[in-house]
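Participant: Take this structure first; my questions come after.
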Amino acid sequence: MSGLTPQLVRERVRGTILERIGETPLVPLHRIGAGLRGELWAKIESANPGGSVKDRPGLWMVLAAEEEGRLRRSRTVLDATSGNTGVALAMVCAVRGHALELCMPDKASIERKRIIRAFGAKLVLTDPLEGTDGAIREAQRMAAAERERYVYVDQYSNPANPLAHQLGTGPEIWEQTARRVTHFVAGVGTSGTIVGVSAALRPKGVRIVAVQPDDPLHGIEGWKHMPTAIRPAIWDERAADEHRVMATDEAIAMAKRLAREEGIFSGVSGGAAVASAVAVAREESGRIVVLIADGGERYLSTPLWE
Amino acid sequence: MPVTVRLPGALRDVTGGETKLTASGATLREVIADIDRRHPGFAARVLDPSGGIRSYINVYIGEEDARTRGGSGAAVPDGSDVMVIPAMAGGR
(Lines give C-alpha, C1' and ligand atoms only; values in the text may rest on other atoms or scores of the structure.)
Protein backbone atom coordinates (compact mmCIF):
# COMPACT_ATOMS: atom_id res chain seq x y z
CA MET A 1 0.00 0.00 0.00
CA SER A 2 1.06 3.57 -0.69
CA GLY A 3 0.43 4.94 2.81
CA LEU A 4 -1.11 8.05 1.24
CA THR A 5 -2.74 10.49 3.63
CA PRO A 6 -4.36 13.87 2.97
CA GLN A 7 -1.35 15.51 4.63
CA LEU A 8 1.12 13.69 2.37
CA VAL A 9 -0.95 14.51 -0.73
CA ARG A 10 -1.01 18.19 0.24
CA GLU A 11 2.74 18.17 0.75
CA ARG A 12 3.41 16.56 -2.65
CA VAL A 13 1.29 19.05 -4.62
CA ARG A 14 2.05 22.24 -2.71
CA GLY A 15 2.53 25.25 -4.98
CA THR A 16 0.88 23.65 -8.04
CA ILE A 17 -2.59 23.71 -9.60
CA LEU A 18 -3.15 20.25 -8.08
CA GLU A 19 -3.37 21.93 -4.68
CA ARG A 20 -6.84 23.13 -5.74
CA ILE A 21 -8.27 19.60 -6.04
CA GLY A 22 -10.99 18.96 -3.45
CA GLU A 23 -12.68 21.29 -0.95
CA THR A 24 -15.43 21.78 -3.54
CA PRO A 25 -18.56 23.82 -2.72
CA LEU A 26 -21.66 22.32 -1.12
CA VAL A 27 -24.74 24.34 -2.09
CA PRO A 28 -28.43 24.00 -1.21
CA LEU A 29 -30.93 23.26 -4.02
CA HIS A 30 -33.65 25.69 -2.96
CA ARG A 31 -36.00 25.45 -5.94
CA ILE A 32 -35.59 21.83 -6.96
CA GLY A 33 -35.75 20.86 -3.30
CA ALA A 34 -38.84 22.96 -2.49
CA GLY A 35 -41.71 21.04 -0.91
CA LEU A 36 -39.75 17.85 -0.32
CA ARG A 37 -39.47 16.12 3.06
CA GLY A 38 -35.67 16.06 2.87
CA GLU A 39 -33.32 19.00 2.42
CA LEU A 40 -31.16 18.79 -0.75
CA TRP A 41 -27.52 19.88 -0.92
CA ALA A 42 -25.28 19.46 -3.98
CA LYS A 43 -21.53 18.84 -3.94
CA ILE A 44 -20.25 20.70 -7.02
CA GLU A 45 -17.32 18.68 -8.36
CA SER A 46 -16.95 20.74 -11.53
CA ALA A 47 -15.14 23.20 -9.24
CA ASN A 48 -12.08 20.95 -9.32
CA PRO A 49 -9.34 22.34 -11.63
CA GLY A 50 -9.76 19.50 -14.15
CA GLY A 51 -13.52 20.08 -14.13
CA SER A 52 -14.76 16.88 -12.49
CA VAL A 53 -14.81 14.60 -9.46
CA LYS A 54 -12.22 12.44 -11.23
CA ASP A 55 -9.46 14.87 -10.28
CA ARG A 56 -9.56 13.30 -6.83
CA PRO A 57 -8.84 9.66 -7.78
CA GLY A 58 -6.64 10.82 -10.68
CA LEU A 59 -4.32 12.60 -8.26
CA TRP A 60 -4.36 9.91 -5.61
CA MET A 61 -3.73 7.05 -8.07
CA VAL A 62 -0.69 8.77 -9.61
CA LEU A 63 0.75 9.76 -6.23
CA ALA A 64 0.16 6.23 -4.90
CA ALA A 65 2.14 4.79 -7.83
CA GLU A 66 4.92 7.29 -7.12
CA GLU A 67 4.99 6.50 -3.39
CA GLU A 68 5.05 2.76 -4.08
CA GLY A 69 8.09 3.28 -6.33
CA ARG A 70 6.31 1.89 -9.40
CA LEU A 71 6.24 5.15 -11.32
CA ARG A 72 9.73 6.01 -12.43
CA ARG A 73 10.30 8.68 -15.08
CA SER A 74 11.07 6.08 -17.77
CA ARG A 75 7.62 4.52 -17.45
CA THR A 76 4.31 5.58 -18.96
CA VAL A 77 1.03 5.87 -17.07
CA LEU A 78 -1.79 3.92 -18.78
CA ASP A 79 -5.55 3.73 -18.19
CA ALA A 80 -8.89 3.23 -19.93
CA THR A 81 -11.43 6.06 -19.78
CA SER A 82 -14.22 7.58 -21.80
CA GLY A 83 -13.68 11.03 -20.42
CA ASN A 84 -13.25 12.67 -17.06
CA THR A 85 -10.63 10.33 -15.59
CA GLY A 86 -8.61 10.85 -18.76
CA VAL A 87 -8.72 14.62 -18.35
CA ALA A 88 -7.81 14.31 -14.65
CA LEU A 89 -4.91 11.93 -15.28
CA ALA A 90 -3.66 14.10 -18.15
CA MET A 91 -3.64 17.20 -15.93
CA VAL A 92 -1.95 15.37 -13.03
CA CYS A 93 0.66 13.73 -15.28
CA ALA A 94 1.44 17.09 -16.94
CA VAL A 95 2.21 18.59 -13.52
CA ARG A 96 4.10 15.53 -12.20
CA GLY A 97 6.12 15.08 -15.41
CA HIS A 98 4.84 11.65 -16.46
CA ALA A 99 4.03 10.37 -19.95
CA LEU A 100 0.41 9.17 -20.26
CA GLU A 101 -1.48 6.97 -22.73
CA LEU A 102 -5.26 6.56 -22.54
CA CYS A 103 -7.48 3.97 -24.19
CA MET A 104 -10.79 5.57 -25.15
CA PRO A 105 -13.69 4.53 -27.39
CA ASP A 106 -13.38 6.08 -30.86
CA LYS A 107 -15.93 8.82 -31.57
CA ALA A 108 -15.67 10.10 -27.98
CA SER A 109 -16.64 13.74 -27.86
CA ILE A 110 -14.25 16.12 -29.52
CA GLU A 111 -13.93 18.28 -26.38
CA ARG A 112 -12.55 15.40 -24.37
CA LYS A 113 -10.04 14.37 -27.01
CA ARG A 114 -8.82 17.94 -27.43
CA ILE A 115 -8.54 18.63 -23.70
CA ILE A 116 -6.59 15.42 -23.12
CA ARG A 117 -4.25 16.12 -26.04
CA ALA A 118 -3.81 19.71 -24.81
CA PHE A 119 -2.32 18.29 -21.60
CA GLY A 120 0.16 16.29 -23.73
CA ALA A 121 -1.33 12.80 -23.33
CA LYS A 122 -1.58 10.22 -26.13
CA LEU A 123 -4.91 8.60 -27.06
CA VAL A 124 -5.37 4.99 -28.16
CA LEU A 125 -8.81 4.83 -29.80
CA THR A 126 -10.80 1.61 -29.44
CA ASP A 127 -13.94 0.17 -31.09
CA PRO A 128 -16.84 2.50 -30.24
CA LEU A 129 -19.28 -0.44 -30.35
CA GLU A 130 -17.44 -1.99 -27.40
CA GLY A 131 -17.76 1.20 -25.29
CA THR A 132 -15.63 1.66 -22.19
CA ASP A 133 -15.41 -2.11 -21.67
CA GLY A 134 -13.58 -2.34 -25.02
CA ALA A 135 -11.19 0.38 -23.86
CA ILE A 136 -10.57 -1.55 -20.62
CA ARG A 137 -9.76 -4.73 -22.55
CA GLU A 138 -7.29 -2.84 -24.78
CA ALA A 139 -5.55 -1.25 -21.75
CA GLN A 140 -5.30 -4.70 -20.14
CA ARG A 141 -3.79 -6.10 -23.35
CA MET A 142 -1.24 -3.26 -23.63
CA ALA A 143 -0.24 -3.50 -19.97
CA ALA A 144 0.26 -7.27 -20.23
CA ALA A 145 2.26 -7.00 -23.46
CA GLU A 146 4.71 -4.35 -22.14
CA ARG A 147 4.92 -4.74 -18.37
CA GLU A 148 8.09 -2.68 -18.01
CA ARG A 149 6.83 0.19 -20.10
CA TYR A 150 3.43 0.82 -18.57
CA VAL A 151 2.11 1.58 -15.11
CA TYR A 152 -1.55 0.60 -15.55
CA VAL A 153 -3.32 2.64 -12.88
CA ASP A 154 -6.64 0.84 -13.56
CA GLN A 155 -9.21 3.11 -11.94
CA TYR A 156 -11.64 0.16 -11.70
CA SER A 157 -9.33 -1.85 -9.44
CA ASN A 158 -7.09 0.74 -7.79
CA PRO A 159 -7.65 1.10 -4.01
CA ALA A 160 -6.34 4.69 -4.20
CA ASN A 161 -9.56 5.56 -6.10
CA PRO A 162 -12.00 4.94 -3.20
CA LEU A 163 -9.31 6.08 -0.74
CA ALA A 164 -9.37 9.58 -2.30
CA HIS A 165 -13.08 9.73 -1.40
CA GLN A 166 -12.75 8.04 1.98
CA LEU A 167 -10.14 10.55 3.14
CA GLY A 168 -11.26 13.51 0.99
CA THR A 169 -14.84 13.76 -0.27
CA GLY A 170 -16.45 12.02 2.73
CA PRO A 171 -14.80 14.08 5.51
CA GLU A 172 -15.39 17.29 3.51
CA ILE A 173 -19.13 16.57 3.38
CA TRP A 174 -19.16 15.75 7.08
CA GLU A 175 -17.58 19.07 7.99
CA GLN A 176 -19.49 21.15 5.40
CA THR A 177 -22.82 19.92 6.76
CA ALA A 178 -21.71 20.61 10.34
CA ARG A 179 -21.92 16.82 10.84
CA ARG A 180 -25.63 16.81 9.98
CA VAL A 181 -25.58 14.90 6.69
CA THR A 182 -28.07 12.01 6.81
CA HIS A 183 -27.96 10.64 3.23
CA PHE A 184 -25.37 10.56 0.45
CA VAL A 185 -26.53 9.98 -3.14
CA ALA A 186 -24.19 9.31 -6.08
CA GLY A 187 -23.95 7.30 -9.27
CA VAL A 188 -21.90 4.16 -9.77
CA GLY A 189 -19.23 4.10 -12.47
CA THR A 190 -15.92 2.79 -11.16
CA SER A 191 -17.80 2.87 -7.83
CA GLY A 192 -14.89 4.72 -6.17
CA THR A 193 -17.10 7.57 -4.94
CA ILE A 194 -19.76 5.37 -3.34
CA VAL A 195 -17.31 2.88 -1.83
CA GLY A 196 -14.99 5.59 -0.47
CA VAL A 197 -17.63 7.96 0.88
CA SER A 198 -19.44 4.99 2.39
CA ALA A 199 -16.28 3.98 4.28
CA ALA A 200 -16.05 7.51 5.69
CA LEU A 201 -19.68 8.32 6.44
CA ARG A 202 -21.58 5.10 6.98
CA PRO A 203 -19.94 4.47 10.36
CA LYS A 204 -21.32 7.90 11.34
CA GLY A 205 -24.85 6.75 10.52
CA VAL A 206 -25.17 8.28 7.03
CA ARG A 207 -27.41 6.33 4.63
CA ILE A 208 -25.64 5.62 1.30
CA VAL A 209 -27.73 5.57 -1.91
CA ALA A 210 -26.08 4.19 -5.08
CA VAL A 211 -27.65 4.82 -8.48
CA GLN A 212 -27.16 3.01 -11.79
CA PRO A 213 -28.58 3.56 -15.30
CA ASP A 214 -31.84 1.68 -15.86
CA ASP A 215 -30.75 0.26 -19.24
CA PRO A 216 -27.49 -1.10 -20.71
CA LEU A 217 -27.87 1.47 -23.51
CA HIS A 218 -27.89 4.79 -21.69
CA GLY A 219 -26.55 8.33 -21.93
CA ILE A 220 -25.36 8.85 -18.37
CA GLU A 221 -21.67 9.50 -18.92
CA GLY A 222 -19.39 7.79 -16.45
CA TRP A 223 -22.07 5.50 -14.97
CA LYS A 224 -22.18 1.74 -15.41
CA HIS A 225 -25.09 -0.64 -15.82
CA MET A 226 -23.50 -3.20 -13.53
CA PRO A 227 -25.51 -6.29 -14.54
CA THR A 228 -24.16 -6.04 -18.12
CA ALA A 229 -20.76 -4.34 -17.63
CA ILE A 230 -17.31 -5.53 -16.61
CA ARG A 231 -17.54 -5.49 -12.82
CA PRO A 232 -15.00 -3.11 -11.18
CA ALA A 233 -12.83 -4.96 -8.66
CA ILE A 234 -13.34 -2.17 -6.11
CA TRP A 235 -17.16 -2.44 -6.30
CA ASP A 236 -18.96 -3.84 -3.31
CA GLU A 237 -22.77 -3.67 -3.35
CA ARG A 238 -22.75 -3.78 0.44
CA ALA A 239 -21.22 -0.27 0.50
CA ALA A 240 -24.70 1.10 -0.22
CA ASP A 241 -27.79 0.88 1.96
CA GLU A 242 -30.02 1.39 -1.04
CA HIS A 243 -29.70 0.83 -4.80
CA ARG A 244 -31.76 2.81 -7.30
CA VAL A 245 -31.91 3.08 -11.09
CA MET A 246 -32.37 6.16 -13.27
CA ALA A 247 -33.57 6.65 -16.86
CA THR A 248 -31.50 8.82 -19.20
CA ASP A 249 -34.48 10.93 -20.27
CA GLU A 250 -35.27 11.81 -16.66
CA ALA A 251 -31.59 12.60 -16.06
CA ILE A 252 -31.45 14.97 -19.05
CA ALA A 253 -34.65 16.72 -17.92
CA MET A 254 -33.18 17.25 -14.44
CA ALA A 255 -29.85 18.50 -15.84
CA LYS A 256 -31.85 21.16 -17.72
CA ARG A 257 -33.76 22.09 -14.55
CA LEU A 258 -30.49 22.40 -12.62
CA ALA A 259 -29.24 24.98 -15.13
CA ARG A 260 -32.48 26.96 -15.34
CA GLU A 261 -33.63 26.81 -11.73
CA GLU A 262 -30.43 26.57 -9.72
CA GLY A 263 -27.79 28.07 -12.07
CA ILE A 264 -25.84 24.79 -12.04
CA PHE A 265 -24.75 23.72 -15.54
CA SER A 266 -24.27 20.01 -14.97
CA GLY A 267 -23.45 16.97 -17.04
CA VAL A 268 -26.20 14.38 -17.50
CA SER A 269 -24.83 12.29 -14.64
CA GLY A 270 -25.40 15.25 -12.31
CA GLY A 271 -29.01 15.38 -13.49
CA ALA A 272 -29.32 11.64 -12.87
CA ALA A 273 -27.92 11.93 -9.35
CA VAL A 274 -30.11 14.90 -8.43
CA ALA A 275 -33.26 13.26 -9.85
CA SER A 276 -32.48 10.25 -7.65
CA ALA A 277 -31.88 12.48 -4.63
CA VAL A 278 -35.24 14.18 -5.24
CA ALA A 279 -36.88 10.73 -5.16
CA VAL A 280 -35.15 10.01 -1.84
CA ALA A 281 -36.13 13.44 -0.44
CA ARG A 282 -39.79 12.82 -1.32
CA GLU A 283 -39.78 9.75 0.86
CA GLU A 284 -37.41 10.65 3.69
CA SER A 285 -36.48 13.65 5.78
CA GLY A 286 -32.94 14.70 6.64
CA ARG A 287 -30.00 16.51 5.04
CA ILE A 288 -29.41 14.77 1.71
CA VAL A 289 -26.12 15.40 -0.09
CA VAL A 290 -25.93 14.57 -3.79
CA LEU A 291 -22.74 14.57 -5.83
CA ILE A 292 -22.72 16.41 -9.19
CA ALA A 293 -19.72 14.91 -10.93
CA ASP A 294 -19.01 17.45 -13.67
CA GLY A 295 -20.22 20.41 -15.70
CA GLY A 296 -22.23 20.55 -18.92
CA GLU A 297 -19.52 22.30 -20.95
CA ARG A 298 -17.80 19.00 -21.67
CA TYR A 299 -20.83 17.73 -23.59
CA LEU A 300 -21.72 20.75 -25.70
CA SER A 301 -20.87 19.04 -28.99
CA THR A 302 -22.99 15.98 -28.19
CA PRO A 303 -26.68 15.82 -29.19
CA LEU A 304 -27.68 16.01 -25.52
CA TRP A 305 -27.83 19.82 -25.43
CA GLU A 306 -29.25 20.45 -28.90
CA MET B 1 -29.37 -4.65 -51.77
CA PRO B 2 -29.34 -4.99 -47.99
CA VAL B 3 -27.41 -2.78 -45.57
CA THR B 4 -25.26 -3.97 -42.69
CA VAL B 5 -26.17 -2.69 -39.22
CA ARG B 6 -23.65 -2.97 -36.38
CA LEU B 7 -24.89 -2.59 -32.82
CA PRO B 8 -23.32 -2.05 -29.39
CA GLY B 9 -23.27 -4.91 -26.89
CA ALA B 10 -25.83 -2.92 -24.89
CA LEU B 11 -28.52 -3.83 -27.46
CA ARG B 12 -27.81 -7.57 -27.47
CA ASP B 13 -30.72 -8.22 -25.14
CA VAL B 14 -33.24 -7.09 -27.74
CA THR B 15 -31.59 -8.74 -30.78
CA GLY B 16 -31.13 -12.18 -29.27
CA GLY B 17 -27.38 -11.68 -28.86
CA GLU B 18 -26.67 -10.45 -32.40
CA THR B 19 -24.54 -7.33 -32.89
CA LYS B 20 -24.28 -7.46 -36.68
CA LEU B 21 -27.49 -7.63 -38.72
CA THR B 22 -28.54 -7.18 -42.30
CA ALA B 23 -31.64 -5.13 -43.00
CA SER B 24 -33.29 -3.25 -45.82
CA GLY B 25 -34.85 0.17 -46.21
CA ALA B 26 -34.33 3.39 -48.11
CA THR B 27 -34.19 5.54 -44.97
CA LEU B 28 -32.82 4.97 -41.48
CA ARG B 29 -36.38 4.83 -40.12
CA GLU B 30 -37.23 2.03 -42.59
CA VAL B 31 -34.05 0.11 -41.73
CA ILE B 32 -34.89 0.35 -38.01
CA ALA B 33 -38.49 -0.72 -38.69
CA ASP B 34 -37.21 -3.73 -40.64
CA ILE B 35 -35.08 -4.83 -37.67
CA ASP B 36 -37.98 -4.14 -35.29
CA ARG B 37 -40.18 -6.59 -37.23
CA ARG B 38 -37.71 -9.38 -36.45
CA HIS B 39 -36.70 -8.06 -33.02
CA PRO B 40 -39.73 -6.34 -31.48
CA GLY B 41 -38.74 -3.51 -29.14
CA PHE B 42 -35.62 -2.57 -31.08
CA ALA B 43 -37.08 0.65 -32.53
CA ALA B 44 -38.21 1.89 -29.11
CA ARG B 45 -34.66 1.53 -27.79
CA VAL B 46 -33.16 3.59 -30.61
CA LEU B 47 -35.90 6.10 -31.45
CA ASP B 48 -37.77 8.43 -29.11
CA PRO B 49 -41.59 8.57 -29.01
CA SER B 50 -41.62 11.24 -31.74
CA GLY B 51 -39.58 9.02 -34.06
CA GLY B 52 -36.28 10.90 -33.75
CA ILE B 53 -32.95 9.31 -32.81
CA ARG B 54 -32.72 9.23 -29.02
CA SER B 55 -30.50 12.05 -27.76
CA TYR B 56 -28.06 9.65 -26.14
CA ILE B 57 -27.56 7.52 -29.24
CA ASN B 58 -25.49 8.29 -32.31
CA VAL B 59 -26.07 6.58 -35.65
CA TYR B 60 -23.48 6.64 -38.39
CA ILE B 61 -24.25 5.82 -42.03
CA GLY B 62 -20.81 5.02 -43.35
CA GLU B 63 -18.69 7.78 -41.81
CA GLU B 64 -21.55 10.28 -41.70
CA ASP B 65 -23.45 11.13 -38.51
CA ALA B 66 -27.12 10.53 -39.39
CA ARG B 67 -28.10 13.71 -37.51
CA THR B 68 -26.30 15.77 -40.14
CA ARG B 69 -28.28 13.93 -42.86
CA GLY B 70 -31.81 14.38 -41.56
CA GLY B 71 -31.83 12.15 -38.46
CA SER B 72 -34.09 9.11 -38.68
CA GLY B 73 -35.21 10.28 -42.11
CA ALA B 74 -31.65 10.10 -43.48
CA ALA B 75 -31.25 8.21 -46.74
CA VAL B 76 -29.43 4.87 -46.46
CA PRO B 77 -27.78 3.99 -49.77
CA ASP B 78 -27.72 0.34 -50.85
CA GLY B 79 -24.87 -1.58 -49.31
CA SER B 80 -24.24 0.98 -46.54
CA ASP B 81 -22.63 0.19 -43.21
CA VAL B 82 -24.83 1.56 -40.42
CA MET B 83 -23.42 1.80 -36.88
CA VAL B 84 -25.42 2.52 -33.70
CA ILE B 85 -23.38 3.66 -30.68
CA PRO B 86 -24.16 5.17 -27.28
CA ALA B 87 -23.56 8.93 -27.37
CA MET B 88 -21.68 8.69 -24.10
CA ALA B 89 -19.05 6.80 -26.05
CA GLY B 90 -19.10 9.48 -28.64
CA GLY B 91 -20.33 12.96 -29.26
CA ARG B 92 -19.29 14.66 -32.44
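All residue names refer to the C-alpha coordinates as shown: chains lettered A, B, ... in order, residues numbered from 1 in each chain, ligands numbered from 1 in order.
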Compile the residues of chain A that lie within 10 Å of chain B, evaluated using only C-alpha atoms, and express the compilation as a PyMOL selection string.

Facilitator: chain A and resi 81-83+104-112+127-133+215-223+225+228-229+248-249+252+268+299-306

Participant: Step one, run DSSP on the backbone; step two, keep only residues of region 88-288 of chain A assigned to strand (DSSP E or B); then write them as a ChimeraX atom specification.

Facilitator: /A:99-105,122-126,150-152,183-187,207-213,242-246,266,286-288

Participant: Which residue is closest to Ala293 (chain A)? Choose from A:Leu89, A:Cys103, A:Val188, A:Val124 and count only C-alpha atoms.

Facilitator: A:Val188

Participant: Considering only alpha helix (DSSP H) as DSSP defines it on the backbone, what residues of region 11-78 of chain B qualify? List them as a list of chain:residue names.

Facilitator: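 Filtering region 11-78 of chain B to alpha helix (DSSP H) leaves B:Arg12, B:Asp13, B:Val14, B:Thr15, B:Leu28, B:Arg29, B:Glu30, B:Val31, B:Ile32, B:Ala33, B:Asp34, B:Ile35, B:Asp36, B:Arg37, B:Arg38, B:Phe42, B:Ala43, B:Ala44, B:Arg45, B:Val46.
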
Participant: Got a sec: who's within 12 Å of Leu28 (chain B), counting only C-alpha atoms, leaving out chain neighbours fewer than 3 positions off, as an NGL selection string?

Facilitator: :B and (3-5 or 23-25 or 31-35 or 43 or 46-47 or 51-53 or 59-61 or 65-67 or 69-78 or 80-84)

Participant: Could you write out that same residue set with N, CA and C atoms as a short mmCIF file (atom, residue, chain, number, x, y, z; two decimals), in the first residue's frame?

Facilitator:
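Saved result, result-v8.cif, follows:
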```cif
data_model
loop_
_atom_site.label_atom_id
_atom_site.label_comp_id
_atom_site.auth_asym_id
_atom_site.auth_seq_id
_atom_site.Cartn_x
_atom_site.Cartn_y
_atom_site.Cartn_z
N VAL B 3 -28.46 -3.54 -46.26
CA VAL B 3 -27.41 -2.78 -45.57
C VAL B 3 -26.99 -3.59 -44.34
N THR B 4 -25.77 -3.31 -43.89
CA THR B 4 -25.26 -3.97 -42.69
C THR B 4 -25.43 -3.01 -41.51
N VAL B 5 -25.97 -3.52 -40.41
CA VAL B 5 -26.17 -2.69 -39.22
C VAL B 5 -25.37 -3.30 -38.07
N ALA B 23 -30.27 -5.66 -42.97
CA ALA B 23 -31.64 -5.13 -43.00
C ALA B 23 -31.82 -4.39 -44.32
N SER B 24 -33.06 -4.01 -44.59
CA SER B 24 -33.29 -3.25 -45.82
C SER B 24 -34.16 -2.05 -45.51
N GLY B 25 -34.08 -1.05 -46.39
CA GLY B 25 -34.85 0.17 -46.21
C GLY B 25 -34.14 1.31 -46.91
N VAL B 31 -35.01 1.16 -42.13
CA VAL B 31 -34.05 0.11 -41.73
C VAL B 31 -34.35 -0.33 -40.29
N ILE B 32 -34.60 0.66 -39.42
CA ILE B 32 -34.89 0.35 -38.01
C ILE B 32 -36.21 -0.43 -37.91
N ALA B 33 -37.20 -0.02 -38.70
CA ALA B 33 -38.49 -0.72 -38.69
C ALA B 33 -38.33 -2.17 -39.16
N ASP B 34 -37.46 -2.37 -40.14
CA ASP B 34 -37.21 -3.73 -40.64
C ASP B 34 -36.62 -4.61 -39.53
N ILE B 35 -35.67 -4.06 -38.78
CA ILE B 35 -35.08 -4.83 -37.67
C ILE B 35 -36.13 -5.06 -36.58
N ALA B 43 -36.87 -0.75 -32.13
CA ALA B 43 -37.08 0.65 -32.53
C ALA B 43 -37.26 1.55 -31.31
N VAL B 46 -34.01 2.71 -29.82
CA VAL B 46 -33.16 3.59 -30.61
C VAL B 46 -33.84 4.93 -30.93
N LEU B 47 -35.16 4.88 -31.09
CA LEU B 47 -35.90 6.10 -31.45
C LEU B 47 -36.75 6.57 -30.28
N GLY B 51 -40.20 9.63 -32.88
CA GLY B 51 -39.58 9.02 -34.06
C GLY B 51 -38.19 9.52 -34.37
N GLY B 52 -37.66 10.42 -33.55
CA GLY B 52 -36.28 10.90 -33.75
C GLY B 52 -35.28 9.97 -33.08
N ILE B 53 -34.00 10.11 -33.46
CA ILE B 53 -32.95 9.31 -32.81
C ILE B 53 -32.84 9.78 -31.37
N VAL B 59 -26.00 7.55 -34.56
CA VAL B 59 -26.07 6.58 -35.65
C VAL B 59 -25.21 7.11 -36.79
N TYR B 60 -24.32 6.27 -37.27
CA TYR B 60 -23.48 6.64 -38.39
C TYR B 60 -23.89 5.82 -39.61
N ILE B 61 -24.01 6.51 -40.76
CA ILE B 61 -24.25 5.82 -42.03
C ILE B 61 -22.95 5.98 -42.80
N ASP B 65 -22.51 11.11 -39.63
CA ASP B 65 -23.45 11.13 -38.51
C ASP B 65 -24.85 11.35 -39.08
N ALA B 66 -25.78 10.44 -38.80
CA ALA B 66 -27.12 10.53 -39.39
C ALA B 66 -27.81 11.84 -39.04
N ARG B 67 -27.46 12.44 -37.89
CA ARG B 67 -28.10 13.71 -37.51
C ARG B 67 -27.80 14.82 -38.51
N ARG B 69 -27.65 14.33 -41.60
CA ARG B 69 -28.28 13.93 -42.86
C ARG B 69 -29.80 13.79 -42.71
N GLY B 70 -30.36 14.42 -41.70
CA GLY B 70 -31.81 14.38 -41.56
C GLY B 70 -32.31 13.45 -40.46
N GLY B 71 -31.42 12.98 -39.60
CA GLY B 71 -31.83 12.15 -38.46
C GLY B 71 -32.40 10.82 -38.92
N SER B 72 -33.54 10.43 -38.34
CA SER B 72 -34.09 9.11 -38.68
C SER B 72 -34.62 9.06 -40.11
N GLY B 73 -34.78 10.24 -40.72
CA GLY B 73 -35.21 10.28 -42.11
C GLY B 73 -34.05 10.22 -43.10
N ALA B 74 -32.83 10.10 -42.60
CA ALA B 74 -31.65 10.10 -43.48
C ALA B 74 -31.72 8.95 -44.49
N ALA B 75 -31.29 9.24 -45.71
CA ALA B 75 -31.25 8.21 -46.74
C ALA B 75 -30.15 7.21 -46.42
N VAL B 76 -30.43 5.93 -46.68
CA VAL B 76 -29.43 4.87 -46.46
C VAL B 76 -29.16 4.21 -47.82
N PRO B 77 -28.06 4.56 -48.46
CA PRO B 77 -27.78 3.99 -49.77
C PRO B 77 -27.58 2.48 -49.70
N ASP B 78 -27.91 1.80 -50.79
CA ASP B 78 -27.72 0.34 -50.85
C ASP B 78 -26.30 -0.03 -50.45
N SER B 80 -24.88 0.16 -47.59
CA SER B 80 -24.24 0.98 -46.54
C SER B 80 -23.89 0.15 -45.31
N ASP B 81 -22.93 0.67 -44.56
CA ASP B 81 -22.63 0.19 -43.21
C ASP B 81 -23.26 1.17 -42.24
N VAL B 82 -24.19 0.69 -41.41
CA VAL B 82 -24.83 1.56 -40.42
C VAL B 82 -24.32 1.13 -39.04
N MET B 83 -23.94 2.12 -38.21
CA MET B 83 -23.42 1.80 -36.88
C MET B 83 -24.20 2.59 -35.83
N VAL B 84 -24.68 1.90 -34.81
CA VAL B 84 -25.42 2.52 -33.70
C VAL B 84 -24.51 2.49 -32.47
#
```

Participant: Write out as a CSV table (one decimal) with N, CA and C atoms, in the first residue's frame the residues lying within 9 Å of Gly3 (chain A), counting only C-alpha atoms and excluding same-chain residues fewer than 6 positions away.

Facilitator:
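For reference, around25.csv as written:
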```csv
chain,number,residue,atom,x,y,z
A,64,ALA,N,0.0,7.6,-5.5
A,64,ALA,CA,0.2,6.2,-4.9
A,64,ALA,C,1.2,5.4,-5.7
A,67,GLU,N,4.6,6.9,-4.8
A,67,GLU,CA,5.0,6.5,-3.4
A,67,GLU,C,5.4,5.0,-3.3
A,68,GLU,N,4.7,4.2,-4.1
A,68,GLU,CA,5.1,2.8,-4.1
A,68,GLU,C,6.3,2.5,-4.9
```
